[in-house]
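Undergrad: Data file target-v8.cif (mmCIF, C-alpha atoms) is appended below.
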```cif
data_target
loop_
_atom_site.label_atom_id
_atom_site.label_comp_id
_atom_site.auth_asym_id
_atom_site.auth_seq_id
_atom_site.Cartn_x
_atom_site.Cartn_y
_atom_site.Cartn_z
CA MET A 1 78.56 -4.10 30.70
CA ILE A 2 77.12 -0.86 29.44
CA GLU A 3 75.45 1.10 32.21
CA ASN A 4 72.04 2.62 31.86
CA ARG A 5 72.09 5.62 34.13
CA ILE A 6 71.97 9.36 33.96
CA ASP A 7 73.44 12.21 35.91
CA THR A 8 71.36 15.28 36.56
CA THR A 9 72.03 18.78 37.80
CA THR A 10 69.48 21.31 38.96
CA GLU A 11 70.15 25.03 39.18
CA ARG A 12 68.15 28.19 39.50
CA VAL A 13 68.52 30.92 36.88
CA ASN A 14 66.50 33.88 38.13
CA ASP A 15 63.00 32.43 38.57
CA VAL A 16 63.58 29.46 36.27
CA THR A 17 64.60 25.99 37.44
CA VAL A 18 67.01 24.40 34.97
CA ILE A 19 67.36 20.63 35.06
CA THR A 20 70.21 19.22 32.97
CA ILE A 21 70.12 15.53 32.09
CA LEU A 22 73.37 13.82 31.16
CA GLY A 23 72.93 10.40 29.60
CA ASP A 24 70.46 8.44 27.53
CA LEU A 25 66.79 8.85 28.37
CA ASN A 26 64.91 5.56 28.44
CA ALA A 27 62.71 3.45 30.70
CA ALA A 28 65.66 2.43 32.86
CA VAL A 29 66.10 5.97 34.19
CA GLN A 30 62.45 6.70 34.99
CA GLU A 31 62.97 6.67 38.77
CA GLN A 32 65.98 8.96 38.55
CA VAL A 33 64.09 11.47 36.42
CA ASP A 34 61.04 11.36 38.67
CA ALA A 35 63.20 11.92 41.76
CA THR A 36 65.03 14.80 40.11
CA TYR A 37 61.76 16.43 39.09
CA ALA A 38 60.24 15.97 42.55
CA ALA A 39 63.27 17.61 44.17
CA ALA A 40 63.31 20.41 41.62
CA ILE A 41 59.70 21.46 42.24
CA ALA A 42 59.96 21.28 46.02
CA ASP A 43 60.53 25.03 46.25
CA GLY A 44 57.35 25.78 44.31
CA THR A 45 58.94 26.80 41.04
CA SER A 46 56.53 27.52 38.19
CA LYS A 47 59.05 27.63 35.32
CA ILE A 48 61.18 24.66 34.35
CA VAL A 49 63.70 24.10 31.56
CA ILE A 50 64.93 20.58 30.88
CA VAL A 51 68.24 20.48 29.03
CA PHE A 52 69.71 17.54 27.11
CA ARG A 53 73.11 16.99 25.57
CA ALA A 54 73.44 16.56 21.82
CA GLU A 55 75.15 13.20 22.11
CA ASP A 56 72.58 11.56 24.37
CA HIS A 57 69.84 9.37 22.95
CA ILE A 58 66.13 9.55 23.74
CA ASN A 59 64.15 6.47 22.78
CA SER A 60 60.39 5.99 22.61
CA ALA A 61 60.23 5.08 26.30
CA GLY A 62 62.12 8.29 27.02
CA ILE A 63 59.53 10.17 24.98
CA GLY A 64 56.83 8.56 27.11
CA LEU A 65 58.72 9.66 30.20
CA LEU A 66 58.83 13.25 28.92
CA ILE A 67 55.11 13.16 28.17
CA GLY A 68 54.63 12.16 31.80
CA LEU A 69 56.75 15.12 32.91
CA VAL A 70 54.77 17.53 30.76
CA MET A 71 51.57 16.10 32.23
CA GLU A 72 52.95 16.62 35.74
CA CYS A 73 53.90 20.19 34.90
CA ARG A 74 50.47 20.94 33.42
CA ASN A 75 48.74 19.44 36.44
CA GLY A 76 50.90 21.60 38.70
CA ALA A 77 50.40 24.77 36.61
CA ARG A 78 54.09 24.84 35.75
CA ALA A 79 55.47 25.87 32.38
CA VAL A 80 58.14 23.61 30.94
CA HIS A 81 60.54 24.15 28.05
CA PHE A 82 62.96 21.66 26.53
CA VAL A 83 66.44 22.32 25.19
CA HIS A 84 68.03 19.84 22.82
CA PRO A 85 71.03 20.89 20.73
CA ALA A 86 70.49 18.04 18.25
CA GLU A 87 68.16 18.84 15.37
CA HIS A 88 67.23 15.16 15.11
CA PHE A 89 65.66 15.11 18.57
CA ARG A 90 63.95 18.45 18.11
CA LYS A 91 62.42 16.85 15.01
CA ILE A 92 61.31 13.85 17.08
CA PHE A 93 59.70 16.19 19.62
CA ASP A 94 57.79 17.68 16.68
CA ILE A 95 56.84 14.27 15.27
CA VAL A 96 55.27 13.10 18.51
CA GLY A 97 53.67 16.48 19.15
CA LEU A 98 55.57 17.22 22.34
CA SER A 99 56.61 20.64 21.07
CA ARG A 100 52.94 21.68 20.92
CA TYR A 101 52.80 21.44 24.71
CA ALA A 102 56.36 22.35 25.69
CA PRO A 103 58.40 24.68 23.47
CA VAL A 104 61.68 23.17 22.30
CA PHE A 105 64.84 25.21 21.79
CA SER A 106 68.36 24.49 20.65
CA THR A 107 70.03 26.52 23.43
CA LEU A 108 69.37 27.32 27.06
CA ASP A 109 69.64 31.04 26.36
CA GLU A 110 66.77 30.80 23.88
CA ALA A 111 64.62 28.91 26.38
CA LEU A 112 65.34 31.39 29.16
CA ALA A 113 64.66 34.33 26.85
CA HIS A 114 61.28 32.79 26.00
CA PHE A 115 60.43 32.77 29.69
CA ALA A 116 61.52 36.38 30.21
CA MET B 1 77.71 3.98 -2.90
CA ALA B 2 81.18 2.51 -3.16
CA GLU B 3 81.30 -0.39 -5.63
CA PHE B 4 82.50 -2.89 -3.04
CA GLN B 5 79.38 -2.36 -0.93
CA ARG B 6 76.80 -3.37 -3.50
CA GLY B 7 75.16 -6.61 -2.54
CA HIS B 8 77.19 -6.93 0.62
CA SER B 9 75.60 -7.47 3.98
CA ILE B 10 76.60 -7.30 7.63
CA GLU B 11 75.03 -9.41 10.33
CA LEU B 12 74.95 -8.94 14.08
CA LYS B 13 73.58 -11.24 16.72
CA VAL B 14 73.01 -9.76 20.17
CA PRO B 15 71.60 -11.17 23.40
CA SER B 16 68.12 -10.07 24.46
CA ASP B 17 69.43 -7.39 26.76
CA LEU B 18 68.51 -3.76 26.16
CA ASN B 19 72.07 -2.73 26.94
CA TYR B 20 73.04 -4.04 23.51
CA GLU B 21 70.54 -1.84 21.69
CA ARG B 22 73.00 1.03 21.51
CA ILE B 23 75.58 -1.20 19.82
CA VAL B 24 73.04 -2.10 17.15
CA ARG B 25 72.08 1.56 16.80
CA ALA B 26 75.72 2.60 16.45
CA THR B 27 76.27 -0.07 13.81
CA ALA B 28 73.22 1.09 11.85
CA ARG B 29 74.50 4.65 11.90
CA SER B 30 77.95 3.55 10.81
CA VAL B 31 76.67 1.49 7.88
CA ALA B 32 74.42 4.34 6.70
CA GLN B 33 77.30 6.79 7.02
CA HIS B 34 79.58 4.59 4.94
CA MET B 35 76.85 4.34 2.31
CA GLY B 36 76.85 8.12 2.03
CA PHE B 37 73.46 8.94 3.53
CA ALA B 38 72.96 12.49 4.78
CA GLN B 39 73.29 13.14 8.51
CA ASP B 40 69.54 13.55 9.10
CA ARG B 41 68.89 10.18 7.44
CA ILE B 42 71.64 8.54 9.48
CA ASP B 43 70.10 9.92 12.67
CA ALA B 44 66.64 8.77 11.58
CA LEU B 45 67.81 5.25 10.77
CA GLY B 46 69.68 4.97 14.06
CA THR B 47 66.58 5.80 16.06
CA ALA B 48 64.32 3.54 13.97
CA VAL B 49 66.70 0.57 14.23
CA GLY B 50 67.07 1.16 17.95
CA GLU B 51 63.30 1.05 18.38
CA ALA B 52 62.97 -2.11 16.30
CA CYS B 53 65.77 -3.76 18.25
CA SER B 54 64.24 -2.78 21.60
CA ASN B 55 60.89 -4.20 20.50
CA ALA B 56 62.56 -7.43 19.41
CA ILE B 57 64.29 -7.77 22.78
CA LYS B 58 61.35 -6.75 24.99
CA HIS B 59 58.32 -8.01 23.13
CA GLY B 60 59.64 -10.56 20.66
CA ASN B 61 62.09 -12.39 22.90
CA ARG B 62 60.56 -11.17 26.18
CA SER B 63 64.07 -10.26 27.39
CA ALA B 64 65.05 -13.94 27.60
CA LYS B 65 68.83 -13.56 27.53
CA GLU B 66 69.36 -17.03 26.08
CA LEU B 67 67.51 -15.86 22.96
CA SER B 68 69.32 -13.63 20.52
CA VAL B 69 68.17 -10.93 18.16
CA GLN B 70 69.66 -11.04 14.70
CA ILE B 71 70.19 -7.87 12.70
CA ARG B 72 71.11 -7.91 9.06
CA PHE B 73 72.21 -4.81 7.15
CA ASP B 74 71.77 -5.40 3.45
CA MET B 75 73.52 -2.75 1.37
CA GLN B 76 71.66 -2.48 -1.90
CA THR B 77 71.93 -0.25 -4.92
CA THR B 78 68.58 1.34 -4.07
CA GLY B 79 69.28 1.79 -0.38
CA LEU B 80 69.79 0.08 2.93
CA LEU B 81 67.55 -2.73 4.10
CA VAL B 82 67.72 -3.61 7.80
CA GLU B 83 66.09 -6.82 9.00
CA ILE B 84 65.65 -7.47 12.71
CA THR B 85 64.67 -11.03 13.60
CA ASP B 86 63.38 -12.26 16.94
CA PHE B 87 61.55 -15.31 18.24
CA GLY B 88 58.19 -13.60 18.70
CA LYS B 89 55.04 -14.69 16.97
CA GLY B 90 54.10 -11.30 15.61
CA PHE B 91 51.62 -8.79 16.95
CA THR B 92 48.70 -6.61 16.07
CA PRO B 93 50.02 -3.09 15.53
CA PRO B 94 48.73 -0.81 18.29
CA PRO B 95 46.56 2.21 17.49
CA SER B 96 48.49 5.36 16.68
CA PRO B 97 49.56 7.14 19.83
CA ASP B 98 47.85 10.45 20.54
CA ILE B 99 49.80 12.85 22.71
CA ALA B 100 46.73 14.91 23.60
CA ALA B 101 44.98 11.77 24.85
CA GLN B 102 48.09 10.64 26.71
CA LEU B 103 48.45 14.00 28.44
CA THR B 104 44.93 13.66 29.79
CA ALA B 105 45.48 9.99 30.62
CA SER B 106 42.61 8.97 28.34
CA GLN B 107 45.14 6.89 26.40
CA GLU B 108 47.79 4.81 28.09
CA ARG B 109 51.20 6.45 27.82
CA GLY B 110 53.61 4.90 25.30
CA GLY B 111 53.28 3.20 21.96
CA TRP B 112 55.68 5.59 20.23
CA GLY B 113 58.23 3.06 19.00
CA ILE B 114 56.47 1.80 15.88
CA TYR B 115 55.08 5.28 15.22
CA LEU B 116 58.62 6.71 15.22
CA MET B 117 59.91 3.93 12.96
CA GLN B 118 57.17 4.68 10.45
CA LYS B 119 57.88 8.39 10.52
CA LEU B 120 61.66 8.12 10.34
CA VAL B 121 62.41 5.60 7.58
CA ASP B 122 60.93 5.07 4.14
CA GLN B 123 59.35 1.66 4.70
CA VAL B 124 58.51 -0.45 7.73
CA SER B 125 56.97 -3.91 7.52
CA PHE B 126 56.51 -6.91 9.78
CA HIS B 127 56.68 -10.53 8.70
CA ILE B 128 56.85 -14.09 9.91
CA ASN B 129 59.64 -15.96 8.12
CA GLU B 130 59.76 -19.61 7.05
CA GLN B 131 61.23 -20.58 10.42
CA GLY B 132 58.28 -18.98 12.20
CA GLU B 133 60.41 -16.13 13.51
CA HIS B 134 59.27 -12.54 13.59
CA LEU B 135 60.97 -10.14 11.22
CA THR B 136 60.92 -6.35 11.21
CA ARG B 137 62.07 -4.87 7.95
CA LEU B 138 63.19 -1.24 7.68
CA TYR B 139 64.18 0.37 4.41
CA LEU B 140 66.03 3.60 3.82
CA PHE B 141 66.05 4.52 0.14
CA ARG B 142 68.85 6.35 -1.49
CA LYS B 143 67.30 9.62 -2.61
CA ASP B 144 68.43 9.11 -6.20
CA SER B 145 67.08 5.57 -6.45
CA GLN B 146 64.15 4.74 -8.70
CA CYS B 147 62.24 3.34 -5.69
CA ALA B 148 62.53 6.63 -3.84
CA LYS B 149 61.39 8.57 -6.92
CA GLN B 150 58.37 6.34 -7.39
CA GLY B 151 57.63 5.95 -3.70
CA ASP B 152 57.69 2.29 -4.54
CA GLY B 153 58.53 -0.62 -2.28
CA HIS B 154 61.48 -2.88 -2.60
#
```
Give the structure from the file, written as C-alpha coordinates.
TA:
Amino acid sequence: MIENRIDTTTERVNDVTVITILGDLNAAVQEQVDATYAAAIADGTSKIVIVFRAEDHINSAGIGLLIGLVMECRNGARAVHFVHPAEHFRKIFDIVGLSRYAPVFSTLDEALAHFA
Amino acid sequence: MAEFQRGHSIELKVPSDLNYERIVRATARSVAQHMGFAQDRIDALGTAVGEACSNAIKHGNRSAKELSVQIRFDMQTTGLLVEITDFGKGFTPPPSPDIAAQLTASQERGGWGIYLMQKLVDQVSFHINEQGEHLTRLYLFRKDSQCAKQGDGH
(Lines of atoms letter the chains of each structure in order from A and count residues from 1; the text may use other names and numbers.)
(Lines give C-alpha, C1' and ligand atoms only; values in the text may rest on other atoms or scores of the structure.)
Protein backbone atom coordinates (compact mmCIF):
# COMPACT_ATOMS: atom_id res chain seq x y z
CA MET A 1 0.00 0.00 0.00
CA ILE A 2 1.14 3.51 -0.76
CA GLU A 3 1.97 5.42 2.38
CA ASN A 4 0.74 8.91 3.04
CA ARG A 5 3.37 10.46 5.23
CA ILE A 6 5.95 13.17 5.14
CA ASP A 7 9.36 13.72 6.62
CA THR A 8 10.31 17.14 7.87
CA THR A 9 13.52 18.83 8.90
CA THR A 10 13.87 22.10 10.76
CA GLU A 11 17.04 24.16 10.83
CA ARG A 12 18.06 27.66 11.73
CA VAL A 13 19.77 29.86 9.14
CA ASN A 14 20.80 33.03 10.95
CA ASP A 15 17.51 34.35 12.35
CA VAL A 16 15.31 32.38 9.96
CA THR A 17 13.71 29.02 10.75
CA VAL A 18 13.70 26.78 7.68
CA ILE A 19 11.23 23.91 7.63
CA THR A 20 11.70 21.42 4.79
CA ILE A 21 8.82 19.12 3.94
CA LEU A 22 9.57 15.89 2.10
CA GLY A 23 6.51 14.16 0.70
CA ASP A 24 3.05 14.94 -0.60
CA LEU A 25 1.07 17.59 1.26
CA ASN A 26 -2.55 16.58 1.83
CA ALA A 27 -5.10 16.15 4.60
CA ALA A 28 -3.46 12.96 5.82
CA VAL A 29 -0.36 14.82 7.01
CA GLN A 30 -2.11 17.68 8.82
CA GLU A 31 -1.06 16.49 12.29
CA GLN A 32 2.56 16.05 11.25
CA VAL A 33 2.70 19.54 9.77
CA ASP A 34 1.02 21.09 12.79
CA ALA A 35 3.45 19.33 15.15
CA THR A 36 6.43 20.41 13.07
CA TYR A 37 5.24 24.01 13.05
CA ALA A 38 4.56 24.00 16.79
CA ALA A 39 8.06 22.70 17.49
CA ALA A 40 9.63 25.16 15.07
CA ILE A 41 8.10 28.25 16.70
CA ALA A 42 8.86 27.14 20.25
CA ASP A 43 11.99 29.29 20.34
CA GLY A 44 10.04 32.41 19.41
CA THR A 45 11.21 32.72 15.83
CA SER A 46 9.59 35.48 13.79
CA LYS A 47 10.80 34.44 10.32
CA ILE A 48 9.89 31.12 8.75
CA VAL A 49 10.63 29.59 5.36
CA ILE A 50 8.78 26.45 4.32
CA VAL A 51 10.56 24.49 1.60
CA PHE A 52 9.04 21.85 -0.69
CA ARG A 53 10.62 19.45 -3.15
CA ALA A 54 9.81 19.73 -6.84
CA GLU A 55 8.58 16.15 -7.08
CA ASP A 56 6.11 16.31 -4.20
CA HIS A 57 2.44 16.99 -4.80
CA ILE A 58 0.25 19.50 -2.98
CA ASN A 59 -3.47 18.94 -3.37
CA SER A 60 -6.35 21.25 -2.46
CA ALA A 61 -6.41 19.93 1.11
CA GLY A 62 -2.70 20.70 1.30
CA ILE A 63 -3.45 24.22 0.10
CA GLY A 64 -6.00 24.51 2.89
CA LEU A 65 -3.37 23.31 5.32
CA LEU A 66 -0.95 26.00 4.11
CA ILE A 67 -3.63 28.66 4.45
CA GLY A 68 -3.98 27.53 8.05
CA LEU A 69 -0.22 27.88 8.54
CA VAL A 70 -0.21 31.37 7.07
CA MET A 71 -3.09 32.27 9.38
CA GLU A 72 -1.12 30.94 12.36
CA CYS A 73 1.92 32.93 11.31
CA ARG A 74 -0.10 36.12 10.88
CA ASN A 75 -1.76 35.64 14.26
CA GLY A 76 1.67 35.16 15.82
CA ALA A 77 3.22 38.15 14.00
CA ARG A 78 5.56 35.83 12.12
CA ALA A 79 6.58 36.31 8.51
CA VAL A 80 6.45 33.22 6.34
CA HIS A 81 7.89 32.55 2.89
CA PHE A 82 7.41 29.48 0.72
CA VAL A 83 9.95 27.83 -1.55
CA HIS A 84 8.77 25.51 -4.30
CA PRO A 85 11.12 24.62 -7.15
CA ALA A 86 8.23 23.55 -9.40
CA GLU A 87 6.71 26.32 -11.49
CA HIS A 88 3.39 24.47 -11.51
CA PHE A 89 2.96 24.78 -7.75
CA ARG A 90 4.15 28.37 -7.67
CA LYS A 91 1.39 28.98 -10.21
CA ILE A 92 -1.12 27.22 -7.95
CA PHE A 93 -0.02 29.41 -5.03
CA ASP A 94 -0.78 32.39 -7.28
CA ILE A 95 -4.14 30.99 -8.40
CA VAL A 96 -5.41 30.56 -4.86
CA GLY A 97 -3.91 33.87 -3.75
CA LEU A 98 -1.50 32.39 -1.23
CA SER A 99 1.41 34.31 -2.71
CA ARG A 100 -0.31 37.60 -1.79
CA TYR A 101 0.15 36.72 1.88
CA ALA A 102 3.35 34.69 1.81
CA PRO A 103 5.97 35.36 -0.87
CA VAL A 104 6.85 32.31 -2.95
CA PHE A 105 10.32 31.65 -4.33
CA SER A 106 11.93 28.97 -6.43
CA THR A 107 15.03 28.63 -4.22
CA LEU A 108 15.86 28.86 -0.54
CA ASP A 109 18.60 31.40 -1.26
CA GLU A 110 16.04 33.74 -2.81
CA ALA A 111 13.72 33.39 0.17
CA LEU A 112 16.52 34.01 2.66
CA ALA A 113 17.75 37.02 0.67
CA HIS A 114 14.23 38.46 0.80
CA PHE A 115 14.35 38.24 4.59
CA ALA A 116 17.79 39.88 4.81
CA MET B 1 -1.14 13.33 -31.88
CA ALA B 2 0.05 9.98 -33.13
CA GLU B 3 -2.43 8.41 -35.56
CA PHE B 4 -2.94 5.30 -33.45
CA GLN B 5 -4.23 7.37 -30.53
CA ARG B 6 -7.16 9.01 -32.27
CA GLY B 7 -10.41 7.69 -30.91
CA HIS B 8 -8.69 5.39 -28.47
CA SER B 9 -9.50 5.40 -24.79
CA ILE B 10 -8.01 4.05 -21.58
CA GLU B 11 -10.07 3.10 -18.57
CA LEU B 12 -9.06 2.68 -14.95
CA LYS B 13 -11.13 1.47 -12.05
CA VAL B 14 -9.78 2.16 -8.57
CA PRO B 15 -11.12 1.46 -5.08
CA SER B 16 -12.45 4.40 -3.06
CA ASP B 17 -9.20 4.85 -1.20
CA LEU B 18 -7.30 8.13 -1.48
CA ASN B 19 -4.05 6.23 -1.73
CA TYR B 20 -5.00 5.38 -5.32
CA GLU B 21 -5.42 9.02 -6.33
CA ARG B 22 -1.75 9.34 -7.16
CA ILE B 23 -1.96 6.38 -9.55
CA VAL B 24 -4.81 8.08 -11.39
CA ARG B 25 -2.88 11.35 -11.41
CA ALA B 26 0.23 9.64 -12.78
CA THR B 27 -1.84 7.97 -15.49
CA ALA B 28 -3.40 11.29 -16.49
CA ARG B 29 0.03 12.86 -16.77
CA SER B 30 1.32 9.95 -18.81
CA VAL B 31 -1.57 10.04 -21.28
CA ALA B 32 -1.24 13.81 -21.73
CA GLN B 33 2.50 13.45 -22.22
CA HIS B 34 2.04 10.80 -24.89
CA MET B 35 -0.46 13.07 -26.64
CA GLY B 36 2.21 15.74 -26.86
CA PHE B 37 0.84 18.33 -24.45
CA ALA B 38 3.30 20.87 -23.07
CA GLN B 39 4.70 20.30 -19.59
CA ASP B 40 2.62 23.04 -17.94
CA ARG B 41 -0.57 21.51 -19.38
CA ILE B 42 0.47 18.04 -18.23
CA ASP B 43 1.05 19.38 -14.72
CA ALA B 44 -2.29 21.21 -14.79
CA LEU B 45 -4.20 18.13 -15.94
CA GLY B 46 -2.54 15.95 -13.32
CA THR B 47 -3.62 18.24 -10.50
CA ALA B 48 -7.15 18.67 -11.88
CA VAL B 49 -7.66 14.92 -12.35
CA GLY B 50 -6.27 14.28 -8.88
CA GLU B 51 -8.79 16.72 -7.40
CA ALA B 52 -11.68 15.20 -9.33
CA CYS B 53 -10.64 11.70 -8.28
CA SER B 54 -10.31 12.73 -4.62
CA ASN B 55 -13.78 14.29 -4.73
CA ALA B 56 -15.20 11.13 -6.29
CA ILE B 57 -13.65 8.99 -3.55
CA LYS B 58 -14.45 11.25 -0.58
CA HIS B 59 -17.73 12.87 -1.51
CA GLY B 60 -19.16 10.72 -4.29
CA ASN B 61 -18.43 7.28 -2.86
CA ARG B 62 -17.94 8.49 0.74
CA SER B 63 -14.72 6.44 0.90
CA ALA B 64 -16.68 3.17 0.79
CA LYS B 65 -13.91 0.84 -0.36
CA GLU B 66 -16.33 -1.61 -1.94
CA LEU B 67 -17.31 1.13 -4.38
CA SER B 68 -14.96 1.94 -7.21
CA VAL B 69 -14.23 5.11 -9.12
CA GLN B 70 -13.98 4.74 -12.86
CA ILE B 71 -11.73 7.00 -14.90
CA ARG B 72 -11.83 7.12 -18.65
CA PHE B 73 -9.23 8.90 -20.77
CA ASP B 74 -10.65 9.59 -24.19
CA MET B 75 -7.97 10.65 -26.66
CA GLN B 76 -9.64 12.82 -29.26
CA THR B 77 -8.43 14.83 -32.20
CA THR B 78 -9.34 18.05 -30.42
CA GLY B 79 -7.85 17.10 -27.08
CA LEU B 80 -8.11 14.86 -24.07
CA LEU B 81 -11.41 14.20 -22.34
CA VAL B 82 -11.22 12.69 -18.85
CA GLU B 83 -14.39 11.34 -17.26
CA ILE B 84 -14.45 10.40 -13.59
CA THR B 85 -17.50 8.42 -12.49
CA ASP B 86 -18.61 7.75 -8.93
CA PHE B 87 -21.79 6.62 -7.20
CA GLY B 88 -22.69 10.03 -5.78
CA LYS B 89 -25.91 11.81 -6.55
CA GLY B 90 -24.35 15.09 -7.55
CA PHE B 91 -23.93 18.26 -5.53
CA THR B 92 -24.47 21.97 -5.52
CA PRO B 93 -21.16 23.62 -6.38
CA PRO B 94 -19.84 25.50 -3.34
CA PRO B 95 -19.26 29.25 -3.46
CA SER B 96 -15.86 30.28 -4.75
CA PRO B 97 -13.26 30.10 -2.02
CA ASP B 98 -11.87 33.41 -0.82
CA ILE B 99 -8.43 33.27 0.73
CA ALA B 100 -8.82 36.62 2.48
CA ALA B 101 -12.01 35.39 4.15
CA GLN B 102 -10.40 32.07 5.03
CA LEU B 103 -7.40 33.78 6.62
CA THR B 104 -9.74 35.69 8.91
CA ALA B 105 -11.86 32.58 9.52
CA SER B 106 -14.94 34.34 8.14
CA GLN B 107 -15.13 31.57 5.54
CA GLU B 108 -14.54 27.94 6.37
CA ARG B 109 -11.14 26.78 5.16
CA GLY B 110 -11.14 24.59 2.04
CA GLY B 111 -13.22 24.36 -1.08
CA TRP B 112 -10.23 24.72 -3.40
CA GLY B 113 -10.59 21.47 -5.34
CA ILE B 114 -13.27 22.48 -7.84
CA TYR B 115 -11.81 25.98 -8.03
CA LEU B 116 -8.42 24.53 -9.03
CA MET B 117 -10.00 22.19 -11.59
CA GLN B 118 -11.76 25.14 -13.21
CA LYS B 119 -8.60 27.21 -13.31
CA LEU B 120 -6.31 24.45 -14.56
CA VAL B 121 -8.16 22.78 -17.44
CA ASP B 122 -10.18 24.17 -20.32
CA GLN B 123 -13.58 22.77 -19.37
CA VAL B 124 -15.09 21.25 -16.25
CA SER B 125 -18.64 19.96 -16.05
CA PHE B 126 -20.69 17.72 -13.78
CA HIS B 127 -23.40 15.32 -14.90
CA ILE B 128 -25.62 12.48 -13.83
CA ASN B 129 -25.45 9.65 -16.36
CA GLU B 130 -28.21 7.27 -17.45
CA GLN B 131 -27.29 4.86 -14.66
CA GLY B 132 -27.76 7.62 -12.09
CA GLU B 133 -24.03 7.85 -11.41
CA HIS B 134 -22.19 11.11 -10.98
CA LEU B 135 -19.78 12.09 -13.71
CA THR B 136 -17.07 14.76 -13.66
CA ARG B 137 -15.86 15.68 -17.10
CA LEU B 138 -12.55 17.48 -17.64
CA TYR B 139 -11.36 18.61 -21.04
CA LEU B 140 -7.91 19.69 -22.11
CA PHE B 141 -7.94 21.10 -25.62
CA ARG B 142 -5.06 20.79 -27.97
CA LYS B 143 -3.94 24.36 -28.56
CA ASP B 144 -4.25 23.99 -32.33
CA SER B 145 -7.75 22.52 -32.22
CA GLN B 146 -10.72 24.45 -33.55
CA CYS B 147 -12.43 24.15 -30.13
CA ALA B 148 -9.50 25.84 -28.41
CA LYS B 149 -9.45 28.62 -31.02
CA GLN B 150 -13.16 29.26 -30.63
CA GLY B 151 -13.23 28.72 -26.89
CA ASP B 152 -16.00 26.32 -27.74
CA GLY B 153 -17.11 23.25 -25.85
CA HIS B 154 -16.83 19.71 -27.02
Undergrad: Need the shell around B:Ala105: protein/DNA/RNA residues with any atom at most 10 Å away, counting only C-alpha atoms. Skip same-chain ones fewer than 4 positions apart. Format as a ChimeraX atom specification?
TA: /A:68,71 /B:99-101,109
Undergrad: For atom CA of B:Phe37 and atom CA of B:Gln118, quote the distance in Å rounded to one decimal.
TA: 18.2 Å
Undergrad: Name the residues captured by the PyMOL selection byres ((chain A) within 12 of (chain B)) when it is applied to the shown file; answer as number ranges by chain.
TA: A: 1-5, 24, 26-28, 54-75, 86-102
Undergrad: Do you have the atom CA of B:Ile84-atom CA of B:Ser125 distance handy?
TA: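 Spanning atom CA of B:Ile84 to atom CA of B:Ser125 is a straight-line distance of 10.7 Å.
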Undergrad: Find the residues around A:Glu11 up to 9 Å (only C-alpha atoms counted), leave out those fewer than 4 positions away in its own chain, and share them as a PyMOL selection string.
TA: chain A and resi 16-20+40
Undergrad: Store the residues of this selection in a file with C-alpha atoms, as a PDB file, in the coordinates of the input.
TA:
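Listing of selection.pdb after writing:
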```
ATOM      1  CA  VAL A  16      63.580  29.460  36.270  1.00  0.00           C
ATOM      2  CA  THR A  17      64.600  25.990  37.440  1.00  0.00           C
ATOM      3  CA  VAL A  18      67.010  24.400  34.970  1.00  0.00           C
ATOM      4  CA  ILE A  19      67.360  20.630  35.060  1.00  0.00           C
ATOM      5  CA  THR A  20      70.210  19.220  32.970  1.00  0.00           C
ATOM      6  CA  ALA A  40      63.310  20.410  41.620  1.00  0.00           C
TER       7      ALA A  40
END
```
Undergrad: For the file shown, what are the residues hit by the PyMOL selection byres ((chain B and resi 10) around 6), laid out as an MDAnalysis selection string?
TA: chainID B and resid 9 11 72:73
Undergrad: Mind giving me the straight-line distance from atom CA of B:Lys89 to atom CA of B:His134 in Å, one decimal?
TA: 5.8 Å
Undergrad: Kindly indicate which residue among B:Val31, B:Thr77, B:Leu67, B:Phe87 lies nearest to B:Asn129, using only C-alpha atoms for the distances.
TA: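 Of the candidates, the smallest distance to B:Asn129 is held by B:Phe87.
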Undergrad: Name the residues within 10 Å of (63.0, 26.5, 39.4), counting only C-alpha atoms in the file's coordinates, and put them as a list in words.
TA: Thr10, Glu11, Arg12, Val13, Asn14, Asp15, Val16, Thr17, Val18, Ile19, Ala40, Ile41, Ala42, Asp43, Gly44, Thr45, Ser46, Lys47, Ile48, Val49 and Arg78 of chain A
Undergrad: Excluding B:Gly79 and residues on its chain fewer than 6 positions from it, collect all residues at most 6 Å away from it, counting all atoms listed in the file, and give them as a ChimeraX atom specification.
TA: /B:140-142
Undergrad: Using all atoms listed in the file, can you tell me which of A:Leu108, A:Phe115, A:Thr36, A:Gln30 comes closest to A:Thr8?
TA: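 The answer is A:Thr36, which sits nearest to A:Thr8.
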Undergrad: Considering all atoms listed in the file, state which residue in the set B:Met35, B:Asp122, B:Val14, B:Glu133 is at the smallest distance from B:Gln76.
TA: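 Of the candidates, the smallest distance to B:Gln76 is held by B:Met35.
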Undergrad: Assuming the chain letters and numbering stay as they are in my file, what does the PyMOL selection byres ((chain B and resi 63) around 12) actually select? List them as a ChimeraX atom specification.
TA: /B:14-20,53-62,64-69,86-88
Undergrad: Please save C-alpha atoms of the selected residues as a PDB file, keeping the file's coordinate frame.
TA:
```
ATOM      1  CA  VAL B  14      73.010  -9.760  20.170  1.00  0.00           C
ATOM      2  CA  PRO B  15      71.600 -11.170  23.400  1.00  0.00           C
ATOM      3  CA  SER B  16      68.120 -10.070  24.460  1.00  0.00           C
ATOM      4  CA  ASP B  17      69.430  -7.390  26.760  1.00  0.00           C
ATOM      5  CA  LEU B  18      68.510  -3.760  26.160  1.00  0.00           C
ATOM      6  CA  ASN B  19      72.070  -2.730  26.940  1.00  0.00           C
ATOM      7  CA  TYR B  20      73.040  -4.040  23.510  1.00  0.00           C
ATOM      8  CA  CYS B  53      65.770  -3.760  18.250  1.00  0.00           C
ATOM      9  CA  SER B  54      64.240  -2.780  21.600  1.00  0.00           C
ATOM     10  CA  ASN B  55      60.890  -4.200  20.500  1.00  0.00           C
ATOM     11  CA  ALA B  56      62.560  -7.430  19.410  1.00  0.00           C
ATOM     12  CA  ILE B  57      64.290  -7.770  22.780  1.00  0.00           C
ATOM     13  CA  LYS B  58      61.350  -6.750  24.990  1.00  0.00           C
ATOM     14  CA  HIS B  59      58.320  -8.010  23.130  1.00  0.00           C
ATOM     15  CA  GLY B  60      59.640 -10.560  20.660  1.00  0.00           C
ATOM     16  CA  ASN B  61      62.090 -12.390  22.900  1.00  0.00           C
ATOM     17  CA  ARG B  62      60.560 -11.170  26.180  1.00  0.00           C
ATOM     18  CA  ALA B  64      65.050 -13.940  27.600  1.00  0.00           C
ATOM     19  CA  LYS B  65      68.830 -13.560  27.530  1.00  0.00           C
ATOM     20  CA  GLU B  66      69.360 -17.030  26.080  1.00  0.00           C
ATOM     21  CA  LEU B  67      67.510 -15.860  22.960  1.00  0.00           C
ATOM     22  CA  SER B  68      69.320 -13.630  20.520  1.00  0.00           C
ATOM     23  CA  VAL B  69      68.170 -10.930  18.160  1.00  0.00           C
ATOM     24  CA  ASP B  86      63.380 -12.260  16.940  1.00  0.00           C
ATOM     25  CA  PHE B  87      61.550 -15.310  18.240  1.00  0.00           C
ATOM     26  CA  GLY B  88      58.190 -13.600  18.700  1.00  0.00           C
TER      27      GLY B  88
END
```
Undergrad: Choose the residue, out of A:Val80, A:Ala38, A:Ala116, A:Phe52, that has the smallest atom-to-atom separation from A:Asp7; count all atoms listed in the file.
TA: A:Phe52
Undergrad: Find the residues near B:His127: any atom within 8 Å, counting all atoms listed in the file, skip ones fewer than 6 places away on the same chain, and give them as an MDAnalysis selection string.
TA: chainID B and resid 90 134:137
Undergrad: Taking only C-alpha atoms into account, name the residue in A:Ala111, A:Val29, A:Ala39, A:Leu22 that is nearest to A:Ala79.
TA: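 Looking at the shortest contact to A:Ala79, the residue is A:Ala111.
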